[in-house]
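Here's upload-v6.cif, which has mmCIF, C-alpha atoms:
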data_model
loop_
_atom_site.label_atom_id
_atom_site.label_comp_id
_atom_site.auth_asym_id
_atom_site.auth_seq_id
_atom_site.Cartn_x
_atom_site.Cartn_y
_atom_site.Cartn_z
CA ARG A 11 41.44 -11.70 -11.89
CA GLN A 12 39.55 -12.51 -15.09
CA ALA A 13 38.59 -8.84 -15.47
CA THR A 14 42.18 -7.55 -15.40
CA GLY A 15 43.71 -10.36 -17.41
CA ASP A 16 47.46 -9.98 -17.92
CA ASP A 17 47.39 -6.28 -18.81
CA PRO A 18 49.86 -4.49 -16.49
CA GLY A 19 48.45 -1.19 -17.69
CA ASP A 20 45.04 -1.90 -16.24
CA PRO A 21 44.81 0.26 -13.07
CA ARG A 22 42.99 -2.59 -11.35
CA SER A 23 46.01 -4.85 -11.77
CA LEU A 24 47.89 -3.26 -8.87
CA ASP A 25 44.77 -3.46 -6.69
CA LEU A 26 44.57 -7.15 -7.52
CA ALA A 27 48.23 -7.57 -6.52
CA ARG A 28 47.44 -6.09 -3.11
CA VAL A 29 44.43 -8.37 -2.63
CA LEU A 30 46.42 -11.41 -3.69
CA ALA A 31 49.20 -10.53 -1.23
CA VAL A 32 46.78 -10.27 1.70
CA ASN A 33 45.04 -13.47 0.60
CA ALA A 34 48.40 -15.27 0.45
CA ASP A 35 49.35 -14.10 3.93
CA VAL A 36 46.09 -15.25 5.52
CA LEU A 37 46.03 -18.58 3.68
CA ALA A 38 49.64 -19.32 4.62
CA ALA A 39 48.73 -18.79 8.26
CA TYR A 40 45.40 -20.64 8.29
CA GLY A 41 44.64 -22.31 4.96
CA ASP A 42 46.08 -24.45 2.19
CA PRO A 43 49.76 -23.54 1.63
CA ASP A 44 49.44 -24.46 -2.07
CA LEU A 45 46.76 -21.81 -2.57
CA ALA A 46 48.76 -19.37 -0.45
CA VAL A 47 51.95 -19.64 -2.48
CA SER A 48 50.08 -19.52 -5.80
CA SER A 49 48.46 -16.30 -4.63
CA ALA A 50 51.82 -14.97 -3.42
CA ASP A 51 53.62 -15.75 -6.67
CA LEU A 52 50.88 -14.09 -8.69
CA ALA A 53 50.96 -11.04 -6.40
CA VAL A 54 54.72 -10.75 -6.88
CA ARG A 55 54.43 -10.98 -10.66
CA ARG A 56 51.72 -8.33 -10.75
CA SER A 57 53.66 -6.04 -8.42
CA LEU A 58 56.88 -6.33 -10.40
CA GLN A 59 54.96 -5.50 -13.57
CA HIS A 60 54.24 -2.18 -11.85
CA GLY A 61 57.88 -1.60 -10.93
CA GLY A 62 57.40 -3.05 -7.48
CA GLY A 63 53.94 -1.65 -6.88
CA ASP A 64 53.01 -1.32 -3.24
CA GLU A 65 56.20 -2.29 -1.40
CA ALA A 66 54.50 -3.37 1.82
CA HIS A 67 52.22 -5.78 -0.01
CA LEU A 68 55.08 -6.98 -2.21
CA ARG A 69 57.11 -7.81 0.90
CA ARG A 70 54.08 -9.60 2.34
CA ALA A 71 53.76 -11.81 -0.74
CA LEU A 72 57.50 -12.46 -0.92
CA ALA A 73 57.56 -13.63 2.70
CA VAL A 74 54.89 -16.21 1.91
CA ALA A 75 56.73 -17.32 -1.23
CA VAL A 76 60.00 -17.81 0.67
CA ALA A 77 58.39 -19.73 3.54
CA VAL A 78 56.12 -22.04 1.55
CA HIS A 79 58.48 -22.82 -1.32
CA ALA A 80 61.23 -23.64 1.20
CA ALA A 81 58.86 -25.87 3.19
CA HIS A 82 58.24 -27.91 0.03
CA GLY A 83 61.87 -28.14 -1.04
CA ARG A 84 61.52 -25.70 -3.93
CA HIS A 85 64.66 -23.90 -2.84
CA ASP A 86 65.33 -22.29 -6.20
CA LEU A 87 61.97 -20.48 -6.05
CA ALA A 88 62.46 -19.61 -2.39
CA ASP A 89 65.90 -18.18 -3.20
CA GLN A 90 64.47 -16.09 -6.03
CA ALA A 91 61.89 -14.57 -3.71
CA ALA A 92 64.53 -13.98 -1.05
CA THR A 93 66.74 -12.21 -3.62
CA VAL A 94 63.94 -9.83 -4.55
CA THR A 95 63.34 -9.16 -0.86
CA ARG A 96 67.01 -8.29 -0.29
CA ARG A 97 66.97 -5.91 -3.24
CA LEU A 98 64.16 -4.00 -1.57
CA GLY A 99 66.53 -3.14 1.26
CA PRO A 100 65.80 -3.18 5.00
CA ALA A 101 62.14 -3.56 5.84
CA PRO A 102 60.57 -0.50 7.45
CA ALA A 103 59.06 -0.86 10.89
CA GLY A 104 55.44 -1.90 10.83
CA LEU A 105 52.91 -4.47 11.90
CA PRO A 106 54.00 -8.10 11.43
CA THR A 107 52.25 -10.19 8.83
CA VAL A 108 49.60 -12.75 9.75
CA LEU A 109 52.01 -15.53 8.85
CA ALA A 110 54.80 -14.04 10.96
CA LEU A 111 52.47 -13.78 13.96
CA ARG A 112 51.48 -17.43 13.67
CA GLN A 113 55.08 -18.52 13.09
CA GLY A 114 55.94 -16.90 16.41
CA THR A 115 53.50 -19.09 18.35
CA PRO A 116 54.27 -22.46 20.02
CA ARG A 117 52.28 -24.19 17.22
CA PRO A 118 53.19 -22.50 13.93
CA PRO A 119 51.27 -23.35 10.76
CA ALA A 120 52.15 -26.68 9.13
CA LEU A 121 53.27 -25.28 5.78
CA ALA A 122 54.14 -28.75 4.47
CA VAL A 123 50.57 -30.01 4.99
CA THR A 124 48.45 -29.13 1.98
CA VAL A 125 45.05 -30.23 0.76
CA ALA A 126 46.89 -32.34 -1.82
CA THR A 127 48.94 -34.18 0.83
CA ALA A 128 45.83 -34.59 2.99
CA LEU A 129 43.89 -36.15 0.10
CA ASP A 130 46.85 -38.46 -0.52
CA ALA A 131 46.76 -39.48 3.15
CA ALA A 132 43.02 -40.18 2.83
CA ARG A 133 43.71 -42.34 -0.22
CA GLN A 134 46.39 -44.33 1.57
CA ARG A 135 44.70 -44.69 4.97
CA LEU A 136 41.01 -44.75 4.05
CA GLY A 137 41.03 -45.94 0.46
CA ARG A 138 39.29 -42.72 -0.61
CA GLN A 139 40.04 -41.58 -4.16
CA PRO A 140 40.58 -37.82 -4.49
CA PRO A 141 37.43 -35.98 -5.62
CA ARG A 142 37.16 -34.44 -9.07
CA ILE A 143 35.09 -31.74 -10.72
CA GLY A 144 34.17 -33.28 -14.04
CA ASP A 145 37.44 -34.57 -15.45
CA ARG A 146 39.61 -32.20 -13.39
CA ALA A 147 41.38 -32.82 -10.11
CA VAL A 148 40.42 -30.38 -7.36
CA VAL A 149 44.10 -29.79 -6.54
CA ARG A 150 46.70 -28.37 -8.90
CA PRO A 151 50.48 -27.98 -8.55
CA ALA A 152 51.20 -24.75 -6.71
CA VAL A 153 53.70 -23.69 -9.36
CA ASP A 154 50.89 -23.63 -11.95
CA VAL A 155 49.54 -20.49 -10.19
CA GLU A 156 46.00 -21.48 -11.15
CA LEU A 157 44.07 -21.79 -7.88
CA VAL A 158 44.35 -19.02 -5.29
CA VAL A 159 41.19 -19.41 -3.14
CA PRO A 160 39.23 -22.54 -2.15
CA LEU A 161 36.27 -21.72 -4.41
CA ASP A 162 38.63 -21.72 -7.41
CA ARG A 163 38.48 -25.51 -7.18
CA VAL A 164 34.98 -25.28 -8.69
CA LEU A 165 35.00 -21.83 -10.29
CA VAL A 166 37.98 -22.49 -12.57
CA PRO A 167 36.47 -25.56 -14.30
CA LEU A 168 32.82 -24.48 -14.15
CA GLY A 169 32.78 -20.68 -14.06
CA PRO A 170 30.42 -18.62 -11.89
CA GLY A 171 26.76 -19.57 -11.51
CA SER A 172 24.46 -22.05 -9.85
CA ARG A 173 26.41 -25.06 -11.13
CA SER A 174 29.60 -23.98 -9.39
CA ALA A 175 27.72 -23.01 -6.21
CA ASP A 176 26.19 -26.48 -5.99
CA ALA A 177 29.52 -28.08 -6.92
CA ALA A 178 31.09 -26.24 -3.97
CA THR A 179 28.44 -27.80 -1.73
CA ARG A 180 29.13 -31.29 -3.04
CA LEU A 181 32.90 -30.90 -2.81
CA GLY A 182 32.69 -29.34 0.64
CA GLY A 183 30.49 -32.18 1.83
CA THR A 184 32.88 -34.77 0.44
CA LEU A 185 35.87 -33.15 2.11
CA ALA A 186 34.00 -32.79 5.40
CA ARG A 187 33.07 -36.48 5.46
CA THR A 188 36.64 -37.45 4.57
CA ALA A 189 37.99 -35.13 7.25
CA ALA A 190 35.71 -36.68 9.88
CA GLU A 191 37.21 -40.11 9.10
CA LEU A 192 40.79 -38.90 8.83
CA LEU A 193 40.91 -36.69 11.94
CA PRO A 194 41.22 -39.59 14.43
CA LEU A 195 44.08 -41.06 12.36
CA ASP A 196 45.97 -37.94 11.26
CA LEU A 197 45.00 -34.76 13.06
CA ALA A 198 47.05 -32.34 10.95
CA ARG A 199 45.85 -33.60 7.59
CA GLY A 200 42.31 -34.19 8.79
CA ALA A 201 42.15 -30.61 10.05
CA ARG A 202 43.50 -29.32 6.74
CA LEU A 203 40.65 -31.06 4.91
CA GLY A 204 38.15 -29.94 7.53
CA LEU A 205 39.02 -26.28 7.22
CA GLU A 206 39.01 -26.51 3.42
CA ALA A 207 35.57 -28.14 3.56
CA HIS A 208 34.39 -25.29 5.77
CA ALA A 209 35.70 -22.67 3.34
CA LEU A 210 33.89 -24.36 0.46
CA LEU A 211 30.61 -24.79 2.32
CA ALA A 212 30.71 -21.21 3.62
CA GLY A 213 31.44 -20.08 0.07
CA ALA A 214 28.55 -22.15 -1.25
CA SER A 215 26.30 -20.46 1.30
CA ARG A 216 27.41 -17.01 0.13
CA LEU A 217 26.73 -18.10 -3.47
CA GLU A 218 23.22 -19.16 -2.36
CA SER A 219 23.63 -22.78 -3.34
CA GLU A 220 20.26 -24.52 -3.57
CA ALA A 221 21.97 -27.85 -2.99
CA LEU A 222 23.28 -26.63 0.36
CA ARG A 223 19.84 -25.40 1.39
CA TYR A 224 18.22 -28.74 0.66
CA GLN A 225 21.06 -30.95 1.86
CA LEU A 226 21.87 -29.10 5.09
CA PRO A 227 20.06 -31.68 7.29
CA SER A 228 22.48 -34.34 6.00
CA LEU A 229 25.57 -32.14 5.52
CA GLY A 230 25.15 -29.97 8.61
CA PRO A 231 26.02 -32.52 11.32
CA VAL A 232 29.37 -33.53 9.79
CA TRP A 233 30.19 -29.88 8.95
CA ALA A 234 29.53 -28.82 12.55
CA ALA A 235 31.33 -31.86 13.99
CA VAL A 236 34.48 -31.18 11.98
CA LEU A 237 34.43 -27.51 12.97
CA LEU A 238 34.07 -28.58 16.61
CA VAL A 239 37.18 -30.78 16.42
CA CYS A 240 39.15 -28.02 14.71
CA SER A 241 37.98 -25.44 17.25
CA ARG A 242 39.01 -27.65 20.16
CA GLN A 243 42.41 -28.19 18.56
CA ALA A 244 42.88 -24.46 18.02
CA GLU A 245 42.09 -23.89 21.69
CA ALA A 246 44.60 -26.57 22.70
CA ASP A 247 47.18 -24.92 20.42
CA GLY A 248 46.75 -21.61 22.23
CA ASP A 249 44.85 -19.81 19.46
CA PRO A 250 41.69 -18.58 21.21
CA GLU A 251 40.64 -16.29 18.35
CA LEU A 252 40.59 -19.12 15.81
CA ALA A 253 38.92 -21.43 18.32
CA MET A 254 36.15 -18.88 18.88
CA ASP A 255 35.67 -18.20 15.17
CA LEU A 256 35.30 -21.89 14.34
CA ALA A 257 33.03 -22.46 17.34
CA ALA A 258 30.80 -19.57 16.26
CA TRP A 259 30.52 -21.03 12.77
CA ALA A 260 29.76 -24.46 14.24
CA GLY A 261 27.11 -22.89 16.46
CA GLY A 262 25.55 -21.17 13.47
CA VAL A 263 25.39 -24.46 11.57
CA ALA A 264 23.88 -26.18 14.62
CA GLU A 265 21.16 -23.53 14.83
CA GLN A 266 20.34 -24.05 11.16
CA LEU A 267 19.84 -27.77 11.81
CA PHE A 268 16.57 -27.09 13.66
CA PRO A 269 14.07 -28.76 13.32
CA ALA A 270 16.19 -31.79 12.28
CA THR A 271 17.59 -31.82 15.82
CA LEU A 272 14.12 -32.69 17.11
CA VAL A 273 14.02 -36.02 15.28
CA ASP A 274 17.62 -36.83 14.29
CA ARG A 275 19.68 -38.15 17.20
CA GLU A 276 23.02 -37.62 15.42
CA ALA A 277 22.17 -34.01 14.58
CA ARG A 278 20.99 -33.41 18.15
CA THR A 279 24.14 -34.93 19.69
CA VAL A 280 26.41 -32.81 17.51
CA ALA A 281 24.39 -29.67 18.23
CA VAL A 282 24.59 -30.26 22.00
CA ASP A 283 28.36 -30.74 21.89
CA VAL A 284 28.80 -27.65 19.71
CA LEU A 285 26.60 -25.43 21.89
CA ASP A 286 28.32 -26.61 25.08
CA HIS A 287 31.73 -25.83 23.59
CA HIS A 288 30.70 -22.48 22.16
CA GLY A 289 29.02 -21.50 25.42
CA ARG A 290 32.17 -22.28 27.40
CA LEU A 291 34.33 -20.22 25.04
CA LEU A 292 31.88 -17.33 25.19
CA ALA A 293 32.06 -17.38 28.98
CA LEU A 294 35.86 -17.37 28.87
CA HIS A 295 35.68 -14.51 26.37
CA GLY A 296 33.62 -12.39 28.78
CA GLU A 297 30.24 -12.71 27.05
CA PRO A 298 28.05 -14.19 29.83
CA ASP A 299 24.68 -13.45 28.19
CA ARG A 300 25.52 -15.22 24.95
CA ALA A 301 27.21 -18.02 26.90
CA ARG A 302 24.04 -18.54 28.94
CA ASP A 303 21.91 -18.65 25.78
CA ALA A 304 24.14 -21.34 24.26
CA THR A 305 24.18 -23.36 27.47
CA LEU A 306 20.39 -23.21 27.81
CA ALA A 307 19.91 -24.22 24.18
CA ALA A 308 22.18 -27.22 24.75
CA ALA A 309 20.26 -28.15 27.87
CA ARG A 310 16.92 -28.05 26.03
CA LEU A 311 18.26 -30.34 23.31
CA ARG A 312 19.84 -32.66 25.87
CA ALA A 313 16.48 -33.02 27.62
CA MET A 314 15.01 -34.47 24.38
CA SER A 315 17.47 -37.37 24.34
#
Give the structure from this file in structure tokens form.
Amino acid sequence: RQATGDDPGDPRSLDLARVLAVNADVLAAYGDPDLAVSSADLAVRRSLQHGGGDEAHLRRALAVAVAVHAAHGRHDLADQAATVTRRLGPAPAGLPTVLALRQGTPRPPALAVTVATALDAARQRLGRQPPRIGDRAVVRPAVDVELVVPLDRVLVPLGPGSRSADAATRLGGTLARTAAELLPLDLARGARLGLEAHALLAGASRLESEALRYQLPSLGPVWAAVLLVCSRQAEADGDPELAMDLAAWAGGVAEQLFPATLVDREARTVAVDVLDHHGRLLALHGEPDRARDATLAAARLRAMS
């Protein structure tokens, strides 16, 4: 985004519009709706600068803009996006968007539940003040079109580099601990914070955060525990793919906790619960060998208790 700037003549600008549209669709289905609609609005602007650009991706972004703006009472913005959609004419036959697929399930995404509303719930119910990066809040109004992916919460104020990687670790850890406390009181908002924490910690890992490497024994148990709760909820909601993905991540974190699991009872308890859950899902998914490995690993840890 920084590389292309606001130059509509840059050939990369249309590519960015496509990426932003896909990002918006996935985030609307599974992530923070504020990030999703910021990404969608930016994708629409970029596409229209190119005379509509790639119509399929433009329609994808417009669908997110209509749904999320309407869910938050911004009906003027939703109507604008709907007007552009109508001007495109009837949609050609094709695969449904990620958001449309999730909206067609018994438990559609909670588009009104954002990281901002979840942090507000944590402030009211737990007395937790929202985290900040320096003097900046980690949430921004969606209409500012400033943050479009979770890591933007640290990359926008700090820029790329080791400082932002370690800041992602600290922010992810804070959100994970807050989620663990909020989940028993408010499942929807606790899960929103939990998944955002996961995105930040996974991003910190990709950025090779030294803080994450050294703090994993303390951060890992709450990260894995929150993923476990979210995976179980996804399974209960009839979303086996999401449940498996989160369980696999939780299992990976649990494996990285060794050797802390040998001496830390909390880490060992979380790891056992995660491995049991992941093993059961693997068995249901038709992967008996991997399921057996997870079950045996859980049994070995359980024997140490």
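Neighbours of A:Ala258 closer than or equal to 10 Å, with all atoms listed in the file counted and sequence neighbours fewer than 5 positions away skipped, come out as Leu237, Leu238, Ser241, Leu252, Ala253, Val263, Ala264, Val284, Leu285, His287, His288, Gly289, Leu291 and Leu292 of chain A.
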Next on the checklist: Taking 3 positions as the minimum chain separation for residues in the same chain, which residues sit within 12 Å of stretch 247-249 of chain A when counting all atoms listed in the file? Answer as a ChimeraX atom specification.
Outcome noted: /A:39-40,111-112,114-119,240-244,252-256,291
Checklist entry - When distances are computed from all atoms listed in the file, which of A:Gly41, A:Pro141, A:Gly61, A:Pro160 shows the smallest separation from A:Leu98? => result A:Gly61
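Residue nearest A:Ala88, chosen from A:Gln225, A:Ala120, A:Leu197, A:Ala50 and counting all atoms listed in the file: A:Ala50.
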Item to check | Residues matched by the PyMOL selection byres ((chain A and resi 146-159) around 6) as a PyMOL selection string | outcome: chain A and resi 44-45+48-49+142-145+160-163
Item to check | Atom-to-atom span, atom CA of A:Leu72 and atom CA of A:Asp51, Å | outcome: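 Taking atom CA of A:Leu72 and atom CA of A:Asp51, their separation equals 7.7 Å.
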Checklist entry - Between A:Ala27, A:Ala186, A:Leu58, A:Met314, which one has atoms that come closest to A:Ser228, using only C-alpha atoms? => result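 So, comparing all the options, the nearest one is A:Ala186.
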Checklist entry - With all atoms listed in the file as the basis for distance, which of A:Asp64, A:Arg133, A:Val125, A:Leu311 is at the shortest distance from A:Val273? => result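 Among A:Asp64, A:Arg133, A:Val125, A:Leu311, it is A:Leu311 that comes nearest to A:Val273.
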Next on the checklist: Which residue is closest to A:Gln90? Choose from A:Ala66, A:Ala73, A:Val164, A:Val108 and count all atoms listed in the file.
Outcome noted: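 The answer is A:Ala73, which sits nearest to A:Gln90.
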Under the PyMOL selection byres ((chain A and resi 232-234) around 9), which residues of this model are included? Write them out as a compact mmCIF listing (two decimals) with C-alpha atoms, in the coordinates of the input.
# COMPACT_ATOMS: atom_id res chain seq x y z
CA GLY A 182 32.69 -29.34 0.64
CA GLY A 183 30.49 -32.18 1.83
CA ALA A 186 34.00 -32.79 5.40
CA ARG A 187 33.07 -36.48 5.46
CA ALA A 190 35.71 -36.68 9.88
CA GLY A 204 38.15 -29.94 7.53
CA ALA A 207 35.57 -28.14 3.56
CA HIS A 208 34.39 -25.29 5.77
CA LEU A 211 30.61 -24.79 2.32
CA SER A 228 22.48 -34.34 6.00
CA LEU A 229 25.57 -32.14 5.52
CA GLY A 230 25.15 -29.97 8.61
CA PRO A 231 26.02 -32.52 11.32
CA ALA A 235 31.33 -31.86 13.99
CA VAL A 236 34.48 -31.18 11.98
CA LEU A 237 34.43 -27.51 12.97
CA LEU A 238 34.07 -28.58 16.61
CA VAL A 239 37.18 -30.78 16.42
CA ALA A 257 33.03 -22.46 17.34
CA TRP A 259 30.52 -21.03 12.77
CA ALA A 260 29.76 -24.46 14.24
CA GLY A 261 27.11 -22.89 16.46
CA GLY A 262 25.55 -21.17 13.47
CA VAL A 263 25.39 -24.46 11.57
CA ALA A 264 23.88 -26.18 14.62
CA ALA A 277 22.17 -34.01 14.58
CA VAL A 280 26.41 -32.81 17.51
CA ALA A 281 24.39 -29.67 18.23
CA VAL A 284 28.80 -27.65 19.71
Item to check | Residues returned when the PyMOL selection byres ((chain A and resi 174) around 10) runs on this file, as JSON, numbers by chain | outcome: {"A": [143, 161, 162, 163, 164, 165, 166, 167, 168, 169, 170, 171, 172, 173, 175, 176, 177, 178, 179, 180, 214, 217, 219]}
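Pairwise distance (atom CA of A:Leu37, atom CA of A:Pro194) equals 24.1 Å.
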Mind checking which residues fall within 12 Å of A:Leu195, counting only C-alpha atoms, ignoring those fewer than 6 positions away in the same chain, and posting them as a compact mmCIF listing (two decimals) with C-alpha atoms, in the frame of the given file?
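Produced file result_24.txt, reproduced below:
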# COMPACT_ATOMS: atom_id res chain seq x y z
CA ALA A 128 45.83 -34.59 2.99
CA ALA A 131 46.76 -39.48 3.15
CA ALA A 132 43.02 -40.18 2.83
CA GLN A 134 46.39 -44.33 1.57
CA ARG A 135 44.70 -44.69 4.97
CA LEU A 136 41.01 -44.75 4.05
CA THR A 188 36.64 -37.45 4.57
CA ALA A 189 37.99 -35.13 7.25
CA ALA A 201 42.15 -30.61 10.05
Next on the checklist: Between A:Leu205, A:Val123, A:Ala38, A:Ala53, which residue has the minimum interatomic distance to A:Leu26, considering all atoms listed in the file?
Outcome noted: A:Ala53
Checklist entry - What is the atom CA of A:Arg97 to atom CA of A:Val36 distance in Å? => result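 Computed distance, atom CA of A:Arg97 to atom CA of A:Val36, equals 24.5 Å.
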